[in-house]
file protein_14.txt (compact mmCIF, C-alpha atoms and all ligand atoms)
# COMPACT_ATOMS: atom_id res chain seq x y z
CA MET A 16 -96.28 0.36 1.77
CA LYS A 17 -99.41 0.14 -0.39
CA ARG A 18 -99.03 -0.89 -4.03
CA ILE A 19 -100.08 1.88 -6.45
CA THR A 20 -102.69 0.90 -9.03
CA VAL A 21 -104.02 2.50 -12.19
CA LYS A 22 -107.14 3.44 -10.19
CA ASP A 23 -104.98 5.31 -7.65
CA ILE A 24 -103.39 7.33 -10.48
CA LEU A 25 -106.82 8.32 -11.86
CA GLU A 26 -108.04 9.20 -8.37
CA LYS A 27 -105.02 11.41 -7.75
CA LYS A 28 -106.09 13.64 -10.63
CA LYS A 29 -109.66 13.88 -9.26
CA ALA A 30 -108.30 14.73 -5.80
CA LYS A 31 -105.84 17.26 -7.33
CA LYS A 32 -102.90 15.34 -5.84
CA ARG A 33 -99.64 15.52 -7.77
CA ILE A 34 -98.24 12.41 -9.47
CA THR A 35 -94.53 11.52 -9.46
CA VAL A 36 -92.88 9.37 -12.13
CA ILE A 37 -89.23 8.40 -12.60
CA SER A 38 -87.62 6.70 -15.58
CA THR A 39 -85.11 4.10 -14.49
CA TYR A 40 -83.82 0.79 -15.75
CA ASP A 41 -82.19 -1.47 -13.16
CA PHE A 42 -82.76 -3.22 -9.82
CA ALA A 43 -80.59 -1.01 -7.58
CA PHE A 44 -81.94 2.34 -8.75
CA ALA A 45 -85.52 1.01 -8.99
CA LYS A 46 -85.25 -0.12 -5.34
CA LEU A 47 -84.27 3.42 -4.26
CA VAL A 48 -87.03 4.99 -6.35
CA ASP A 49 -89.60 2.54 -4.99
CA GLN A 50 -88.52 3.10 -1.38
CA SER A 51 -88.88 6.86 -1.96
CA GLU A 52 -92.62 6.29 -2.59
CA ILE A 53 -92.58 7.56 -6.18
CA ASP A 54 -95.94 6.68 -7.78
CA MET A 55 -94.77 5.13 -11.05
CA ILE A 56 -91.50 3.78 -12.42
CA LEU A 57 -91.24 4.07 -16.17
CA VAL A 58 -88.78 1.70 -17.77
CA GLY A 59 -88.29 4.23 -20.54
CA ASP A 60 -86.70 3.57 -23.90
CA SER A 61 -84.39 6.46 -22.94
CA LEU A 62 -82.50 3.35 -21.78
CA GLY A 63 -81.03 3.40 -25.28
CA MET A 64 -79.16 6.65 -24.71
CA VAL A 65 -78.72 6.64 -20.93
CA VAL A 66 -77.53 3.07 -20.37
CA LEU A 67 -76.76 1.49 -23.74
CA GLY A 68 -74.95 4.43 -25.35
CA HIS A 69 -77.06 4.66 -28.52
CA PRO A 70 -77.53 8.04 -30.24
CA SER A 71 -81.36 7.82 -30.01
CA THR A 72 -84.18 5.58 -28.78
CA LEU A 73 -84.63 4.12 -32.28
CA PHE A 74 -82.06 1.39 -31.63
CA VAL A 75 -83.77 -0.05 -28.55
CA THR A 76 -85.21 -3.54 -29.04
CA MET A 77 -87.93 -5.61 -27.34
CA ARG A 78 -85.13 -7.78 -25.97
CA ASP A 79 -83.43 -4.75 -24.31
CA MET A 80 -86.71 -3.52 -22.85
CA LEU A 81 -87.82 -6.92 -21.53
CA HIS A 82 -84.44 -7.50 -19.87
CA HIS A 83 -84.53 -4.16 -18.02
CA THR A 84 -88.25 -4.28 -17.20
CA LYS A 85 -87.68 -7.64 -15.48
CA ALA A 86 -84.97 -6.11 -13.27
CA VAL A 87 -87.16 -3.12 -12.33
CA SER A 88 -90.21 -5.31 -11.64
CA ARG A 89 -88.16 -7.42 -9.21
CA ALA A 90 -87.41 -4.25 -7.23
CA ALA A 91 -90.81 -2.55 -7.19
CA GLU A 92 -93.08 -3.27 -4.24
CA HIS A 93 -94.92 0.07 -4.20
CA ALA A 94 -94.64 1.86 -7.55
CA LEU A 95 -96.68 1.02 -10.63
CA VAL A 96 -94.25 -0.30 -13.26
CA VAL A 97 -94.82 0.98 -16.81
CA ALA A 98 -92.79 -0.49 -19.68
CA ASP A 99 -92.07 1.64 -22.75
CA MET A 100 -92.85 -0.13 -26.01
CA PRO A 101 -89.79 0.34 -28.25
CA PHE A 102 -89.74 1.66 -31.81
CA GLY A 103 -91.15 -0.93 -34.24
CA SER A 104 -92.93 -3.00 -31.59
CA TYR A 105 -96.47 -1.57 -31.99
CA GLN A 106 -96.76 0.72 -35.03
CA THR A 107 -97.49 -2.00 -37.63
CA SER A 108 -100.85 -3.23 -36.28
CA PRO A 109 -103.03 -3.56 -33.17
CA GLU A 110 -102.24 -7.31 -33.18
CA GLN A 111 -98.50 -6.60 -33.08
CA ALA A 112 -99.02 -4.13 -30.23
CA VAL A 113 -101.05 -6.61 -28.16
CA ARG A 114 -98.60 -9.46 -28.81
CA ASN A 115 -95.60 -7.41 -27.65
CA ALA A 116 -97.38 -5.67 -24.76
CA LYS A 117 -98.46 -9.06 -23.37
CA ARG A 118 -94.79 -10.02 -23.10
CA PHE A 119 -94.14 -6.98 -20.86
CA ILE A 120 -96.97 -8.07 -18.56
CA GLN A 121 -96.49 -11.86 -18.58
CA GLU A 122 -92.72 -12.23 -18.91
CA ALA A 123 -91.38 -9.01 -17.41
CA GLY A 124 -93.90 -8.20 -14.66
CA ALA A 125 -94.90 -4.70 -15.85
CA GLU A 126 -98.37 -3.48 -14.95
CA ALA A 127 -98.87 -1.11 -17.89
CA VAL A 128 -97.22 -0.10 -21.16
CA LYS A 129 -96.47 3.25 -22.74
CA LEU A 130 -96.49 4.02 -26.44
CA GLU A 131 -95.91 7.17 -28.46
CA GLY A 132 -98.52 8.91 -30.62
CA GLY A 133 -102.14 10.07 -30.50
CA ALA A 134 -104.59 9.52 -33.37
CA SER A 135 -101.94 7.47 -35.19
CA VAL A 136 -102.04 4.74 -32.50
CA GLU A 137 -105.74 4.94 -31.58
CA LYS A 138 -106.45 1.42 -32.88
CA GLN A 139 -103.48 0.03 -30.95
CA VAL A 140 -104.58 1.69 -27.69
CA LYS A 141 -108.16 0.39 -28.08
CA ALA A 142 -106.89 -3.15 -28.75
CA LEU A 143 -104.54 -3.06 -25.75
CA VAL A 144 -107.25 -1.79 -23.41
CA LYS A 145 -109.63 -4.47 -24.76
CA ALA A 146 -106.94 -7.05 -23.97
CA GLY A 147 -106.83 -5.75 -20.38
CA ILE A 148 -103.52 -3.92 -20.65
CA PRO A 149 -103.40 -0.40 -19.13
CA VAL A 150 -101.89 2.14 -21.54
CA MET A 151 -100.00 5.37 -20.92
CA GLY A 152 -99.92 7.62 -24.01
CA HIS A 153 -97.05 9.93 -24.98
CA ILE A 154 -97.60 13.02 -27.13
CA GLY A 155 -95.93 16.35 -27.95
CA MET A 156 -92.25 15.69 -28.63
CA THR A 157 -92.13 11.96 -29.28
CA PRO A 158 -88.49 10.83 -29.47
CA GLN A 159 -89.25 7.77 -31.64
CA SER A 160 -90.35 10.22 -34.39
CA VAL A 161 -87.24 12.40 -34.05
CA THR A 162 -86.37 12.02 -37.73
CA GLN A 163 -89.87 13.14 -38.82
CA LEU A 164 -89.88 16.00 -36.29
CA GLY A 165 -86.47 17.22 -37.52
CA GLY A 166 -84.80 16.96 -34.10
CA TYR A 167 -85.65 17.22 -30.41
CA LYS A 168 -87.71 20.42 -30.69
CA VAL A 169 -90.53 21.94 -28.66
CA GLN A 170 -93.86 20.95 -30.26
CA GLY A 171 -97.21 22.75 -30.36
CA ARG A 172 -95.98 26.34 -30.59
CA SER A 173 -98.40 27.31 -33.36
CA PRO A 174 -102.19 27.25 -32.70
CA GLN A 175 -102.62 24.53 -35.37
CA GLU A 176 -99.93 22.30 -33.86
CA GLY A 177 -101.28 22.94 -30.36
CA ASN A 178 -104.82 21.94 -31.44
CA GLN A 179 -103.48 18.78 -33.02
CA ILE A 180 -101.75 17.78 -29.77
CA LEU A 181 -104.94 18.52 -27.82
CA LYS A 182 -106.90 16.35 -30.30
CA ASP A 183 -104.33 13.58 -29.80
CA ALA A 184 -104.87 13.78 -26.03
CA GLN A 185 -108.66 13.57 -26.48
CA CYS A 186 -108.22 10.66 -28.86
CA LEU A 187 -106.13 8.78 -26.26
CA GLU A 188 -108.82 9.47 -23.65
CA ARG A 189 -111.56 8.05 -25.94
CA ALA A 190 -109.39 5.05 -26.75
CA GLY A 191 -109.16 4.20 -23.02
CA ALA A 192 -105.59 5.18 -22.01
CA PHE A 193 -105.15 5.82 -18.25
CA SER A 194 -102.64 8.68 -18.46
CA ILE A 195 -100.56 10.71 -20.93
CA VAL A 196 -96.95 11.87 -20.98
CA LEU A 197 -96.76 15.39 -22.44
CA GLU A 198 -93.21 16.07 -23.59
CA CYS A 199 -91.69 19.43 -24.58
CA VAL A 200 -94.72 21.62 -25.22
CA PRO A 201 -95.29 25.24 -24.15
CA HIS A 202 -96.53 25.47 -20.55
CA GLN A 203 -99.79 27.11 -21.73
CA LEU A 204 -100.55 24.04 -23.84
CA GLY A 205 -99.61 21.72 -20.94
CA LYS A 206 -102.17 23.55 -18.79
CA LYS A 207 -104.89 23.56 -21.47
CA ILE A 208 -104.58 19.83 -22.18
CA THR A 209 -104.55 19.08 -18.44
CA GLN A 210 -107.79 21.04 -18.00
CA LYS A 211 -109.51 19.55 -21.05
CA THR A 212 -108.86 15.86 -20.40
CA LYS A 213 -109.91 13.56 -17.55
CA LEU A 214 -106.65 11.68 -17.99
CA PRO A 215 -103.78 12.48 -15.63
CA THR A 216 -101.11 14.36 -17.59
CA ILE A 217 -97.47 13.68 -16.75
CA GLY A 218 -95.26 16.51 -17.96
CA ILE A 219 -91.64 16.59 -19.00
CA GLY A 220 -90.81 20.03 -20.31
CA ALA A 221 -94.55 20.85 -20.31
CA GLY A 222 -94.68 23.40 -17.47
CA ALA A 223 -95.89 23.22 -13.90
CA GLU A 224 -99.63 22.82 -14.49
CA THR A 225 -99.68 19.17 -15.57
CA ASP A 226 -101.00 16.63 -13.03
CA GLY A 227 -97.57 15.13 -12.50
CA GLN A 228 -93.96 15.26 -13.58
CA VAL A 229 -91.51 12.70 -14.92
CA LEU A 230 -87.72 12.90 -15.06
CA VAL A 231 -85.04 10.42 -16.07
CA LEU A 232 -83.31 9.39 -12.83
CA HIS A 233 -79.80 9.77 -14.29
CA ASP A 234 -80.62 13.39 -15.28
CA LEU A 235 -82.07 14.19 -11.86
CA LEU A 236 -79.02 12.74 -10.11
CA GLY A 237 -76.62 14.74 -12.26
CA PHE A 238 -74.90 12.29 -14.57
CA GLU A 239 -73.63 14.89 -17.00
CA PHE A 240 -72.29 13.40 -20.27
CA GLY A 241 -73.66 15.74 -22.90
CA HIS A 242 -76.43 18.22 -23.61
CA ARG A 243 -78.77 18.86 -20.66
CA PRO A 244 -82.31 19.87 -21.72
CA LYS A 245 -83.76 23.02 -20.10
CA PHE A 246 -86.47 21.02 -18.29
CA VAL A 247 -83.99 18.93 -16.26
CA ARG A 248 -83.48 19.96 -12.65
CA GLN A 249 -80.37 18.33 -11.17
CA TYR A 250 -81.04 17.41 -7.54
CA ALA A 251 -77.52 16.03 -7.05
CA HIS A 252 -74.17 15.85 -8.81
CA LEU A 253 -73.51 12.14 -8.51
CA ASP A 254 -71.09 12.09 -11.42
CA GLN A 255 -68.63 14.17 -9.37
CA ILE A 256 -69.06 11.96 -6.29
CA ILE A 257 -68.49 8.82 -8.36
CA ARG A 258 -65.42 10.27 -10.09
CA ARG A 259 -63.93 11.25 -6.70
CA ALA A 260 -64.56 7.77 -5.27
CA LEU A 261 -62.97 6.07 -8.30
CA ALA A 262 -59.93 8.36 -8.16
CA GLN A 263 -59.52 7.49 -4.47
CA PHE A 264 -59.79 3.73 -5.21
CA LYS A 265 -57.14 4.02 -7.97
CA HIS A 266 -54.89 5.99 -5.62
CA ASP A 267 -55.28 3.47 -2.77
CA VAL A 268 -54.60 0.44 -4.98
CA GLU A 269 -51.58 2.06 -6.64
CA ARG A 270 -50.09 3.06 -3.24
CA LYS A 271 -51.01 -0.29 -1.68
CA THR A 272 -53.15 1.28 1.05
CA PHE A 273 -56.10 -0.84 -0.02
CA PRO A 274 -56.89 -3.42 1.21
CA SER A 275 -55.83 -2.93 4.85
CA ARG A 276 -55.24 -5.85 7.25
CA ALA A 277 -58.79 -5.32 8.59
CA GLU A 278 -60.12 -5.75 5.08
CA SER A 279 -58.17 -9.03 4.62
CA TYR A 280 -58.81 -12.61 5.89
CA GLU A 281 -56.46 -14.35 8.38
O1 LIG B 1 -88.04 7.03 -22.31
C1 LIG B 1 -88.33 7.75 -21.34
O2 LIG B 1 -87.67 7.75 -20.29
C2 LIG B 1 -89.50 8.59 -21.49
C3 LIG B 1 -89.76 9.64 -20.47
C4 LIG B 1 -88.70 10.66 -20.46
C5 LIG B 1 -91.11 10.21 -20.57
O3 LIG B 1 -90.21 8.46 -22.43
call {"tool": "encode", "arguments": {"input": "protein_14.txt", "output": "structure tokens", "more": "lines below"}}
Ligand code: KIV
result
Amino acid sequence: MKRITVKDILEKKKAKKRITVISTYDFAFAKLVDQSEIDMILVGDSLGMVVLGHPSTLFVTMRDMLHHTKAVSRAAEHALVVADMPFGSYQTSPEQAVRNAKRFIQEAGAEAVKLEGGASVEKQVKALVKAGIPVMGHIGMTPQSVTQLGGYKVQGRSPQEGNQILKDAQCLERAGAFSIVLECVPHQLGKKITQKTKLPTIGIGAGAETDGQVLVLHDLLGFEFGHRPKFVRQYAHLDQIIRRALAQFKHDVERKTFPSRAESYE
């Protein structure tokens, strides 16, 4: 299987081929995603909620992200691995952003990094690109700014807000990013931004007209622990399968039907 590069992602947009991205965080799941020929694996800071049990992404550290990016990189032979830069690891200065992003490339084996914001992180994106680090932007609903945004709300509903998000996308393009995640914006805005930028747009709650789509693997597989956003399509209900298997294991151990003689050593 051919290894996907940043160039392949840019060419997919030109060729009007759709781009697939999955957020996942460990070796086993990354192996399955990679073997399914998904284009990019995002080691998202959604890790904080999905795997670490935090109430938001704001608690995720560089240490958490490096640890999980290493596991995903060990699994990926085909997909481009993108590491999410956690809250507080890039906002202070371009130097801070480059220092931390280098760790994702050199220590954890990622091929690109993602950071949230448009005009507000223009200097950081330019510095990263200058340092040879491919950057994926993330605009619209940016979870690391949840407190400023007043919750996980659709962004860009008014013409002014929509124009600002479009300007952010154009700013990321000028700064040299190679793609943009567009999260929770009206589908009309998703389409407009996709048409007005050369960068591949990866939507999540941004309608069907973006160049690609991203979902968190746990959401797609149907691990249902709380609120499910409208944009999630569940392709399986693994939580039910896992619960059934665990109940069967408990039953078998308690009734001494596991292990059998065939499952034991002579
Ligand atoms: O953290 C994450 O998984 C993400 C995607 C949902 C885009 O940012």
call {"tool": "residues_near_ligand", "arguments": {"input": "protein_14.txt", "ligand": "ligand LIG 1 (chain B)", "cutoff": "7 Å", "atoms": "all atoms listed in the file", "output": "list of chain:residue names"}}
result
A:Ser38, A:Leu57, A:Val58, A:Gly59, A:Asp60, A:Ser61, A:Leu62, A:Asp99, A:Val196, A:Glu198, A:Ile219, A:Val229, A:Leu230, A:Val231
call {"tool": "residues_around", "arguments": {"input": "protein_14.txt", "residues": "Ala45 (chain A)", "least_positions_apart": "6", "cutoff": "8 Å", "atoms": "all atoms listed in the file", "output": "PDB file with C-alpha atoms, in the frame of the given file"}}
result
ATOM      1  CA  THR A  39     -85.110   4.100 -14.490  1.00  0.00           C
ATOM      2  CA  ILE A  56     -91.500   3.780 -12.420  1.00  0.00           C
ATOM      3  CA  VAL A  87     -87.160  -3.120 -12.330  1.00  0.00           C
ATOM      4  CA  ALA A  90     -87.410  -4.250  -7.230  1.00  0.00           C
ATOM      5  CA  ALA A  91     -90.810  -2.550  -7.190  1.00  0.00           C
TER       6      ALA A  91
END
call {"tool": "atom_distance", "arguments": {"input": "protein_14.txt", "atom1": "CA of Leu204 (chain A)", "atom2": "CA of Glu188 (chain A)"}}
result
16.8 Å
call {"tool": "residues_around", "arguments": {"input": "protein_14.txt", "residues": "region 245-253 of chain A", "least_positions_apart": "3", "cutoff": "8 Å", "atoms": "all atoms listed in the file", "output": "PyMOL selection string"}}
result
chain A and resi 219-220+230+234-238+256-257
call {"tool": "atom_distance", "arguments": {"input": "protein_14.txt", "atom1": "CA of Ser173 (chain A)", "atom2": "CA of Lys206 (chain A)"}}
result
15.5 Å
call {"tool": "residues_around", "arguments": {"input": "protein_14.txt", "residues": "Ser88 (chain A)", "least_positions_apart": "2", "cutoff": "7 Å", "atoms": "only C-alpha atoms", "output": "ChimeraX atom specification"}}
result
/A:84-86,90-91,96,123-125
call {"tool": "write_last_selection", "arguments": {"input": "protein_14.txt", "atoms": "C-alpha atoms", "output": "PDB file, keeping the file's coordinate frame"}}
result
ATOM      1  CA  THR A  84     -88.250  -4.280 -17.200  1.00  0.00           C
ATOM      2  CA  LYS A  85     -87.680  -7.640 -15.480  1.00  0.00           C
ATOM      3  CA  ALA A  86     -84.970  -6.110 -13.270  1.00  0.00           C
ATOM      4  CA  ALA A  90     -87.410  -4.250  -7.230  1.00  0.00           C
ATOM      5  CA  ALA A  91     -90.810  -2.550  -7.190  1.00  0.00           C
ATOM      6  CA  VAL A  96     -94.250  -0.300 -13.260  1.00  0.00           C
ATOM      7  CA  ALA A 123     -91.380  -9.010 -17.410  1.00  0.00           C
ATOM      8  CA  GLY A 124     -93.900  -8.200 -14.660  1.00  0.00           C
ATOM      9  CA  ALA A 125     -94.900  -4.700 -15.850  1.00  0.00           C
TER      10      ALA A 125
END
call {"tool": "atom_distance", "arguments": {"input": "protein_14.txt", "atom1": "CA of Pro101 (chain A)", "atom2": "CA of Gln159 (chain A)"}}
result
8.2 Å
call {"tool": "axis_aligned_box", "arguments": {"input": "protein_14.txt", "around": "region 97-116 of chain A", "padding_each_side": "3 Å", "output": "lines of an AutoDock Vina configuration file"}}
result
center_x = -96.4
center_y = -3.9
center_z = -27.2
size_x = 19.3
size_y = 17.1
size_z = 26.8
call {"tool": "closest_residue", "arguments": {"input": "protein_14.txt", "among": "A:Arg243, A:Arg172, A:Arg78, A:Lys271", "to": "Ala221 (chain A)", "atoms": "all atoms listed in the file"}}
result
A:Arg172
call {"tool": "closest_residue", "arguments": {"input": "protein_14.txt", "among": "A:Pro158, A:Gly166, A:Val268, A:Ser275", "to": "Met64 (chain A)", "atoms": "all atoms listed in the file"}}
result
A:Pro158
